[in-house]
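Have a look at upload-v6.cif below; it lists mmCIF, C-alpha atoms.
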```
data_model
#
loop_
_atom_site.label_atom_id
_atom_site.label_comp_id
_atom_site.auth_asym_id
_atom_site.auth_seq_id
_atom_site.Cartn_x
_atom_site.Cartn_y
_atom_site.Cartn_z
CA ASP A 913 48.91 99.34 -61.38
CA VAL A 914 47.45 96.07 -62.41
CA TYR A 915 50.85 94.42 -62.33
CA LYS A 916 51.56 95.89 -58.95
CA ARG A 917 48.30 94.62 -57.57
CA GLN A 918 48.95 91.16 -59.03
CA GLY A 919 52.39 91.13 -57.44
CA LYS A 920 51.03 92.12 -54.05
CA LEU A 921 48.31 89.47 -54.41
CA SER A 922 50.90 86.85 -55.25
CA GLU A 923 52.99 87.87 -52.23
CA SER A 924 49.89 87.69 -50.01
CA LEU A 925 48.99 84.27 -51.38
CA GLU A 926 52.55 83.04 -50.83
CA LYS A 927 52.47 84.30 -47.27
CA ILE A 928 49.10 82.69 -46.70
CA TRP A 929 50.32 79.42 -48.25
CA ALA A 930 53.50 79.55 -46.14
CA ASN A 931 51.41 80.19 -43.03
CA VAL A 932 49.00 77.36 -43.92
CA ASP A 933 51.90 75.04 -44.63
CA LYS A 934 53.48 75.97 -41.34
CA ARG A 935 50.22 75.38 -39.55
CA LEU A 936 49.76 72.04 -41.31
CA GLN A 937 53.26 70.95 -40.37
CA SER A 938 52.62 71.99 -36.78
CA MET A 939 49.36 70.08 -36.76
CA GLN A 940 51.04 67.01 -38.29
CA SER A 941 53.77 67.22 -35.65
CA ASP A 942 51.19 67.53 -32.87
CA ASN A 943 49.13 64.67 -34.31
CA ALA A 944 52.23 62.51 -34.56
CA GLN A 945 53.12 63.25 -30.97
CA GLN A 946 49.57 62.56 -29.80
CA LEU A 947 49.47 59.34 -31.80
CA GLU A 948 52.81 58.30 -30.34
CA LYS A 949 51.55 58.98 -26.84
CA MET A 950 48.35 57.06 -27.58
CA ARG A 951 50.36 54.19 -29.03
CA GLU A 952 52.60 54.13 -25.98
CA THR A 953 49.56 54.17 -23.68
CA VAL A 954 47.85 51.40 -25.65
CA ASP A 955 51.06 49.37 -25.71
CA GLU A 956 51.47 49.82 -22.00
CA LYS A 957 47.88 48.79 -21.29
CA LEU A 958 48.09 45.84 -23.64
CA HIS A 959 51.40 44.80 -22.13
CA GLN A 960 50.02 45.02 -18.60
CA THR A 961 46.84 43.21 -19.49
CA LEU A 962 48.77 40.54 -21.37
CA GLU A 963 51.14 40.07 -18.48
CA ASP A 964 48.22 39.78 -16.04
CA ARG A 965 46.36 37.33 -18.25
CA LEU A 966 49.46 35.29 -18.98
CA GLY A 967 50.46 35.33 -15.33
CA HIS A 968 47.01 34.12 -14.27
CA SER A 969 46.99 31.47 -17.00
CA PHE A 970 50.48 30.26 -16.09
CA LYS A 971 49.46 30.12 -12.44
CA MET A 972 46.42 28.01 -13.29
CA VAL A 973 48.54 25.75 -15.48
CA SER A 974 51.12 25.49 -12.72
CA ASP A 975 48.43 24.59 -10.17
CA HIS A 976 46.98 21.95 -12.49
CA LEU A 977 50.43 20.55 -13.19
CA GLU A 978 51.09 20.40 -9.47
CA LYS A 979 47.82 18.52 -8.93
CA VAL A 980 48.66 16.19 -11.81
CA GLN A 981 52.08 15.55 -10.32
CA LYS A 982 50.49 14.88 -6.95
CA GLY A 983 47.99 12.52 -8.59
CA LEU A 984 50.80 10.74 -10.39
CA GLY A 985 52.55 10.29 -7.07
CA GLU A 986 49.42 8.82 -5.54
CA MET A 987 49.00 6.57 -8.56
CA GLN A 988 52.57 5.39 -8.14
CA HIS A 989 51.85 4.54 -4.51
CA LEU A 990 48.63 2.83 -5.58
CA ALA A 991 50.48 0.92 -8.28
CA ALA A 992 53.03 -0.14 -5.70
CA GLY A 993 50.17 -1.31 -3.47
CA VAL A 994 48.63 -3.22 -6.37
CA GLY A 995 51.99 -4.80 -7.01
CA ASP A 996 52.25 -5.80 -3.37
CA LEU A 997 48.73 -7.25 -3.51
CA LYS A 998 49.65 -9.13 -6.66
CA LYS A 999 52.68 -10.56 -4.89
CA VAL A 1000 50.50 -11.57 -1.97
CA LEU A 1001 47.96 -13.24 -4.26
CA ALA A 1002 50.78 -15.07 -6.02
CA ASN A 1003 51.25 -17.11 -2.84
CA VAL A 1004 48.92 -20.13 -2.91
CA LYS A 1005 48.66 -20.39 0.87
CA THR A 1006 47.88 -16.70 1.26
CA ARG A 1007 45.19 -16.90 -1.44
CA GLY A 1008 43.63 -19.84 0.39
CA VAL A 1009 43.51 -17.94 3.67
CA MET A 1010 41.91 -14.90 1.99
CA GLY A 1011 39.29 -17.05 0.29
CA GLU A 1012 38.52 -18.85 3.55
CA MET A 1013 38.15 -15.56 5.44
CA GLN A 1014 35.74 -14.18 2.83
CA LEU A 1015 33.71 -17.40 2.89
CA ILE A 1016 33.44 -17.32 6.69
CA LYS A 1017 32.41 -13.67 6.58
CA ILE A 1018 29.52 -14.43 4.21
CA ILE A 1019 28.43 -17.43 6.30
CA GLU A 1020 28.43 -15.37 9.51
CA GLN A 1021 26.28 -12.67 7.91
CA VAL A 1022 23.56 -15.06 6.70
CA MET A 1023 23.51 -18.09 9.00
CA THR A 1024 23.26 -18.48 12.78
CA VAL A 1025 26.06 -20.14 14.72
CA GLU A 1026 23.96 -23.26 15.28
CA GLN A 1027 23.49 -23.77 11.54
CA TYR A 1028 27.12 -24.20 10.48
CA GLU A 1029 30.42 -25.59 11.70
CA LEU A 1030 33.90 -24.28 10.92
CA ASN A 1031 36.78 -26.63 10.16
CA ALA A 1032 34.32 -29.51 10.29
CA SER A 1033 35.04 -33.19 9.78
CA PRO A 1034 32.02 -34.26 7.71
CA VAL A 1035 33.06 -37.88 7.10
CA PRO A 1036 33.30 -40.08 10.24
CA GLY A 1037 36.56 -42.00 10.52
CA LYS A 1038 38.26 -39.83 7.89
CA ASP A 1039 40.77 -37.15 8.89
CA THR A 1040 39.64 -34.54 6.37
CA ARG A 1041 38.33 -31.14 7.44
CA VAL A 1042 36.35 -28.77 5.27
CA GLU A 1043 36.43 -25.00 5.84
CA VAL A 1044 32.67 -24.66 6.40
CA ALA A 1045 29.89 -27.24 6.69
CA ILE A 1046 26.22 -26.30 6.84
CA LYS A 1047 24.28 -28.43 9.33
CA LEU A 1048 20.98 -29.34 7.77
CA PRO A 1049 17.97 -29.62 10.14
CA GLY A 1050 15.90 -32.69 10.83
CA GLN A 1051 18.48 -34.79 12.67
CA GLN A 1052 18.10 -35.76 16.32
CA THR A 1053 21.71 -36.00 17.47
CA GLN A 1054 24.94 -34.24 16.63
CA ALA A 1055 26.52 -37.54 15.56
CA ASP A 1056 23.80 -38.00 12.93
CA SER A 1057 24.05 -34.45 11.53
CA LEU A 1058 23.83 -34.11 7.76
CA TYR A 1059 26.52 -31.76 6.44
CA LEU A 1060 26.67 -29.64 3.32
CA PRO A 1061 30.40 -29.04 2.64
CA ILE A 1062 31.57 -25.64 1.31
CA ASP A 1063 35.22 -25.26 0.29
CA ALA A 1064 36.96 -22.11 -1.02
CA LYS A 1065 39.23 -22.34 -4.06
CA PHE A 1066 41.26 -19.50 -5.57
CA PRO A 1067 43.04 -20.38 -8.88
CA MET A 1068 44.12 -16.76 -9.30
CA ASP A 1069 47.22 -17.55 -11.35
CA ARG A 1070 45.20 -19.29 -14.07
CA TYR A 1071 42.66 -16.48 -14.07
CA GLN A 1072 45.38 -13.83 -14.35
CA GLN A 1073 47.04 -15.65 -17.24
CA LEU A 1074 43.71 -15.81 -19.06
CA SER A 1075 43.08 -12.09 -18.43
CA ASP A 1076 46.53 -11.26 -19.85
CA ALA A 1077 45.76 -13.38 -22.89
CA TYR A 1078 42.53 -11.42 -23.46
CA GLU A 1079 44.51 -8.18 -23.32
CA ASP A 1080 47.07 -9.50 -25.81
CA GLY A 1081 44.25 -10.55 -28.15
CA CYS A 1082 45.95 -13.82 -29.14
CA PRO A 1083 43.31 -16.52 -29.85
CA GLU A 1084 45.74 -19.42 -29.40
CA LYS A 1085 46.95 -18.07 -26.07
CA ILE A 1086 43.35 -17.50 -24.93
CA LYS A 1087 42.41 -21.05 -25.85
CA GLY A 1088 45.44 -22.50 -24.01
CA CYS A 1089 44.81 -20.43 -20.87
CA SER A 1090 41.12 -21.42 -20.93
CA ARG A 1091 42.11 -25.10 -20.98
CA ASP A 1092 44.48 -24.52 -18.04
CA LEU A 1093 41.70 -22.85 -16.04
CA GLN A 1094 39.29 -25.70 -16.80
CA ARG A 1095 41.85 -28.30 -15.73
CA ALA A 1096 42.49 -26.42 -12.49
CA MET A 1097 38.77 -26.23 -11.74
CA LEU A 1098 38.19 -29.91 -12.49
CA ALA A 1099 41.15 -30.90 -10.30
CA SER A 1100 39.79 -28.78 -7.43
CA ALA A 1101 36.32 -30.29 -7.85
CA LYS A 1102 37.77 -33.82 -7.78
CA ASP A 1103 39.66 -32.97 -4.59
CA ILE A 1104 36.45 -31.73 -2.95
CA GLN A 1105 34.51 -34.81 -4.07
CA THR A 1106 37.16 -37.20 -2.75
CA LYS A 1107 37.56 -35.53 0.63
CA TYR A 1108 34.15 -34.20 1.63
CA ILE A 1109 31.26 -35.90 -0.21
CA ALA A 1110 30.16 -39.08 1.57
CA PRO A 1111 26.39 -39.70 1.76
CA PRO A 1112 24.53 -40.32 4.09
CA HIS A 1113 26.85 -38.35 6.37
CA THR A 1114 26.90 -35.47 3.88
CA THR A 1115 24.74 -34.27 1.05
CA ASP A 1116 25.37 -35.83 -2.36
CA PHE A 1117 26.93 -32.58 -3.56
CA ALA A 1118 29.30 -29.89 -2.29
CA ILE A 1119 29.84 -26.20 -3.04
CA MET A 1120 33.07 -24.72 -4.39
CA PHE A 1121 33.35 -21.06 -3.40
CA LEU A 1122 35.24 -18.64 -5.70
CA PRO A 1123 36.05 -15.41 -3.78
CA VAL A 1124 36.23 -13.12 -6.86
CA GLU A 1125 33.20 -12.32 -9.03
CA GLY A 1126 35.43 -11.92 -12.11
CA LEU A 1127 36.81 -15.42 -11.61
CA TYR A 1128 33.31 -16.85 -11.17
CA ALA A 1129 32.13 -15.04 -14.31
CA GLU A 1130 35.06 -16.43 -16.28
CA VAL A 1131 34.37 -19.97 -15.05
CA SER A 1132 30.68 -19.56 -15.93
CA ARG A 1133 31.45 -18.53 -19.50
CA GLN A 1134 33.61 -21.59 -20.16
CA PRO A 1135 31.66 -24.03 -22.37
CA ASP A 1136 30.08 -26.88 -20.35
CA LEU A 1137 32.46 -26.38 -17.43
CA LEU A 1138 29.76 -25.87 -14.79
CA TYR A 1139 27.87 -28.88 -16.15
CA ARG A 1140 30.99 -31.09 -16.00
CA LEU A 1141 31.77 -30.00 -12.46
CA LYS A 1142 28.25 -30.96 -11.35
CA SER A 1143 27.82 -34.14 -13.36
CA GLU A 1144 31.33 -35.59 -12.97
CA HIS A 1145 32.22 -34.46 -9.45
CA GLN A 1146 28.90 -33.37 -7.82
CA VAL A 1147 30.30 -29.89 -7.16
CA ILE A 1148 28.36 -26.65 -7.58
CA VAL A 1149 30.36 -23.45 -8.14
CA ALA A 1150 29.33 -20.25 -6.37
CA GLY A 1151 30.65 -16.68 -6.30
CA PRO A 1152 30.15 -14.19 -3.44
CA ASN A 1153 26.77 -12.92 -4.70
CA ASN A 1154 25.03 -16.17 -5.59
CA LEU A 1155 26.44 -17.93 -2.49
CA SER A 1156 24.73 -15.28 -0.36
CA ALA A 1157 21.50 -15.78 -2.32
CA PHE A 1158 21.74 -19.58 -1.93
CA LEU A 1159 22.36 -19.36 1.81
CA SER A 1160 19.47 -16.89 2.20
CA SER A 1161 17.07 -19.29 0.47
CA LEU A 1162 18.45 -22.12 2.63
CA GLN A 1163 17.83 -20.00 5.71
CA MET A 1164 14.22 -19.48 4.64
CA GLY A 1165 13.86 -23.25 4.33
CA PHE A 1166 15.22 -23.67 7.85
CA ARG A 1167 12.67 -21.20 9.14
CA THR A 1168 9.83 -22.97 7.33
CA LEU A 1169 10.84 -26.30 8.89
CA ALA A 1170 11.09 -24.67 12.29
CA ILE A 1171 7.59 -23.21 11.88
CA GLU A 1172 6.22 -26.61 10.85
CA LYS A 1173 7.89 -28.23 13.86
CA ARG A 1174 6.48 -25.59 16.17
CA SER A 1175 3.02 -26.03 14.60
CA SER A 1176 3.05 -29.77 15.33
CA GLU A 1177 4.17 -29.07 18.89
CA VAL A 1178 1.31 -26.58 19.31
CA TRP A 1179 -1.24 -29.09 18.02
CA SER A 1180 0.14 -31.75 20.37
CA LEU A 1181 -0.04 -29.34 23.28
CA LEU A 1182 -3.61 -28.38 22.37
CA SER A 1183 -4.55 -32.08 22.27
CA GLU A 1184 -3.09 -32.58 25.75
CA ILE A 1185 -4.91 -29.49 27.00
CA LYS A 1186 -8.18 -30.82 25.56
CA SER A 1187 -7.70 -34.15 27.35
CA GLU A 1188 -6.81 -32.47 30.63
CA PHE A 1189 -9.78 -30.13 30.27
CA GLY A 1190 -12.07 -33.16 29.87
CA LYS A 1191 -10.65 -34.67 33.06
CA PHE A 1192 -11.10 -31.32 34.78
CA GLY A 1193 -14.77 -31.29 33.72
CA THR A 1194 -15.30 -34.78 35.17
CA ALA A 1195 -13.65 -33.75 38.44
CA LEU A 1196 -15.75 -30.60 38.50
CA ASP A 1197 -18.94 -32.67 38.07
CA LYS A 1198 -17.90 -34.85 41.03
CA VAL A 1199 -17.20 -31.77 43.14
CA GLN A 1200 -20.58 -30.32 42.16
CA LYS A 1201 -22.27 -33.63 43.16
CA LYS A 1202 -20.51 -33.63 46.50
CA LEU A 1203 -21.49 -30.04 47.05
CA SER A 1204 -25.13 -30.93 46.27
CA GLU A 1205 -25.02 -33.81 48.79
CA ALA A 1206 -23.46 -31.55 51.40
CA ASN A 1207 -26.17 -28.96 50.73
CA ASN A 1208 -28.86 -31.61 51.22
CA VAL A 1209 -27.30 -32.67 54.52
CA ILE A 1210 -27.17 -29.06 55.64
CA ASP A 1211 -30.83 -28.64 54.69
CA GLN A 1212 -31.74 -31.76 56.70
CA ALA A 1213 -29.74 -30.46 59.67
CA GLY A 1214 -31.68 -27.18 59.42
CA VAL A 1215 -34.97 -29.09 59.54
CA ARG A 1216 -33.83 -31.01 62.63
CA ARG A 1217 -32.64 -27.78 64.25
CA ARG A 1218 -36.03 -26.14 63.75
CA ALA A 1219 -37.83 -29.24 65.15
CA VAL A 1220 -35.66 -29.15 68.27
CA GLU A 1221 -36.33 -25.45 68.69
CA ARG A 1222 -40.08 -26.09 68.56
CA ARG A 1223 -39.77 -28.78 71.21
CA LEU A 1224 -37.67 -26.55 73.42
CA SER A 1225 -40.13 -23.69 73.12
CA LYS A 1226 -42.81 -25.90 74.85
CA VAL A 1227 -40.65 -26.64 77.85
CA GLU A 1228 -41.83 -24.50 80.76
CA GLU A 1229 -39.43 -22.77 83.05
CA LEU A 1230 -38.71 -24.75 86.24
CA PRO A 1231 -40.00 -23.51 89.57
CA LYS A 1232 -37.65 -21.32 91.52
CA GLY A 1233 -35.40 -23.24 93.85
CA GLU A 1234 -36.08 -26.62 92.13
CA GLN A 1235 -33.02 -28.34 90.77
CA LEU A 1236 -32.74 -30.89 88.07
CA SER A 1237 -32.08 -34.38 89.22
#
```
Mind turning the file's structure into structure tokens?
Amino acid sequence: DVYKRQGKLSESLEKIWANVDKRLQSMQSDNAQQLEKMRETVDEKLHQTLEDRLGHSFKMVSDHLEKVQKGLGEMQHLAAGVGDLKKVLANVKTRGVMGEMQLIKIIEQVMTVEQYELNASPVPGKDTRVEVAIKLPGQQTQADSLYLPIDAKFPMDRYQQLSDAYEDGCPEKIKGCSRDLQRAMLASAKDIQTKYIAPPHTTDFAIMFLPVEGLYAEVSRQPDLLYRLKSEHQVIVAGPNNLSAFLSSLQMGFRTLAIEKRSSEVWSLLSEIKSEFGKFGTALDKVQKKLSEANNVIDQAGVRRRAVERRLSKVEELPKGEQLS
């Protein structure tokens, strides 16, 4: 009986084990299927999200690249314009016209039309004309006007060569280009001195106008160049900013002289008024004296009138019917 019971127990255990194993396999299969479905779902979501993100990113990159391409196109047009401007500035005559136009523009903004003359001939008997001449006050006639000559110079080629030398970083090239710029400036100053400075018709100095601030700054940094231009050729160099400042201070001087002139005129007028007022007082005294005399005469006439009235009041009425003989 014991063996039989053990055998039945073993069979029951085997059945239970087989059932458990079957259930475990079924559960493993179900879990595998569920995991596969979850993996597929996750992959699908990740794929969709990745596609959306990548699509958005690529669109942004494409938009930026399109903007960059557009900007490059504009820069190419701008570079072409700069090249055209460079070609224009390479022409000496064109540079001179541009410098003259900028000079005239500054003059017109600061000075009145009576205080300057365009294309002026500052030296009598000499056929040389300066672009702008400031007419200094204090002269009586136009023929005796004292001029301050201002001439525009634009050595752009020398300045550009020096700028290129700075970019190359070659000391020898920089030194050579600096000497070329100094020679060009000294030659221009000598030309201005020869043509336009002739005291007493003009001031004993002239102004050389440089239309570009960078060019003026480069000339200013050259050792002793400004001093040589002033001492050797009586020429003062000015850029757009300091020329405006100089003309503004000159304008204030003009106004001060005008105020002084007006003040002297006012004092002269007051002196004349004082003299005329004294004469008016004398005439008024004479009129008052005449009025007093006339008043006395009128008073005397009143006395005589009253005396006659008293006499007449004593005259009796004539008899009726009697006539005067």
Item checked: Selected residue, from A:Leu1141, A:Gln1163, A:Leu958, A:Pro1135, that lies nearest to Val1022 in chain A when counting all atoms listed in the file -> A:Gln1163
Checklist line | Long-range neighbours of range 1027-1042 of chain A as a list of chain:residue names, 8 Å cut-off, all atoms listed in the file, 6 positions minimum in chain | finding: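 The neighbour list is A:Leu1048, A:Tyr1059, A:Pro1061, A:Ile1062, A:Asp1063, A:Lys1107, A:Tyr1108, A:Ile1109, A:Ala1110, A:His1113, A:Thr1114.
When CA of Phe1117 in chain A is paired with CA of Val1147 in chain A, their separation reads 5.6 Å.
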Check: Given the file above and the PyMOL selection byres ((chain A and resi 1095) around 12), which residues are selected, and can you give them as an NGL selection string?
Finding: :A and (1067 or 1070-1071 or 1088-1094 or 1096-1102 or 1131 or 1134 or 1137 or 1140-1141)
Give as a PDB file with C-alpha atoms, keeping the file's coordinate frame the set of residues within 10 Å of the point (38.8, -15.4, -5.8), where distances use the file's coordinates and only C-alpha atoms.
```pdb
ATOM      1  CA  LEU A1001      47.960 -13.240  -4.260  1.00  0.00           C
ATOM      2  CA  ARG A1007      45.190 -16.900  -1.440  1.00  0.00           C
ATOM      3  CA  GLY A1008      43.630 -19.840   0.390  1.00  0.00           C
ATOM      4  CA  MET A1010      41.910 -14.900   1.990  1.00  0.00           C
ATOM      5  CA  GLY A1011      39.290 -17.050   0.290  1.00  0.00           C
ATOM      6  CA  GLU A1012      38.520 -18.850   3.550  1.00  0.00           C
ATOM      7  CA  GLN A1014      35.740 -14.180   2.830  1.00  0.00           C
ATOM      8  CA  ALA A1064      36.960 -22.110  -1.020  1.00  0.00           C
ATOM      9  CA  LYS A1065      39.230 -22.340  -4.060  1.00  0.00           C
ATOM     10  CA  PHE A1066      41.260 -19.500  -5.570  1.00  0.00           C
ATOM     11  CA  PRO A1067      43.040 -20.380  -8.880  1.00  0.00           C
ATOM     12  CA  MET A1068      44.120 -16.760  -9.300  1.00  0.00           C
ATOM     13  CA  TYR A1071      42.660 -16.480 -14.070  1.00  0.00           C
ATOM     14  CA  PHE A1121      33.350 -21.060  -3.400  1.00  0.00           C
ATOM     15  CA  LEU A1122      35.240 -18.640  -5.700  1.00  0.00           C
ATOM     16  CA  PRO A1123      36.050 -15.410  -3.780  1.00  0.00           C
ATOM     17  CA  VAL A1124      36.230 -13.120  -6.860  1.00  0.00           C
ATOM     18  CA  GLU A1125      33.200 -12.320  -9.030  1.00  0.00           C
ATOM     19  CA  GLY A1126      35.430 -11.920 -12.110  1.00  0.00           C
ATOM     20  CA  LEU A1127      36.810 -15.420 -11.610  1.00  0.00           C
ATOM     21  CA  TYR A1128      33.310 -16.850 -11.170  1.00  0.00           C
ATOM     22  CA  GLY A1151      30.650 -16.680  -6.300  1.00  0.00           C
ATOM     23  CA  PRO A1152      30.150 -14.190  -3.440  1.00  0.00           C
TER      24      PRO A1152
END
```
Notebook entry, point to check: Closest to Ile1016 in chain A among A:Leu977, A:Leu1155, A:Ser1161, A:Lys1142, using only C-alpha atoms?
Noted result: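 Checking each of A:Leu977, A:Leu1155, A:Ser1161, A:Lys1142 against Ile1016 in chain A, counting only C-alpha atoms, the winner is A:Leu1155.
With distances taken over all atoms listed in the file, A:Val1044 is the one residue among A:Val1044, A:Leu1058, A:Ala1129, A:Val1149 lying closest to Lys1017 in chain A.
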Next item on the list: Could you tell me how far CA of Glu1020 in chain A lies from CA of Ala1157 in chain A, in Å and to one decimal?
Entry: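 The value is 13.7 Å.
CA of Leu921 in chain A is positioned 27.8 Å from CA of Gln940 in chain A.
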Once you add 6 Å to each side, what are the centre and edge lengths of the axis-aligned box holding all listed atoms of range 1139-1152 of chain A? One decimal in Å, as lines of an AutoDock Vina configuration file, if you can.
```
center_x = 30.0
center_y = -24.9
center_z = -9.8
size_x = 16.4
size_y = 33.4
size_z = 24.7
```
Note to self: Please determine, counting all atoms listed in the file, which residue among A:Met1120, A:Lys920, A:Asp1076, A:Leu962 has the shortest atom-to-atom distance to Ala1045 in chain A.
What the structure shows: A:Met1120
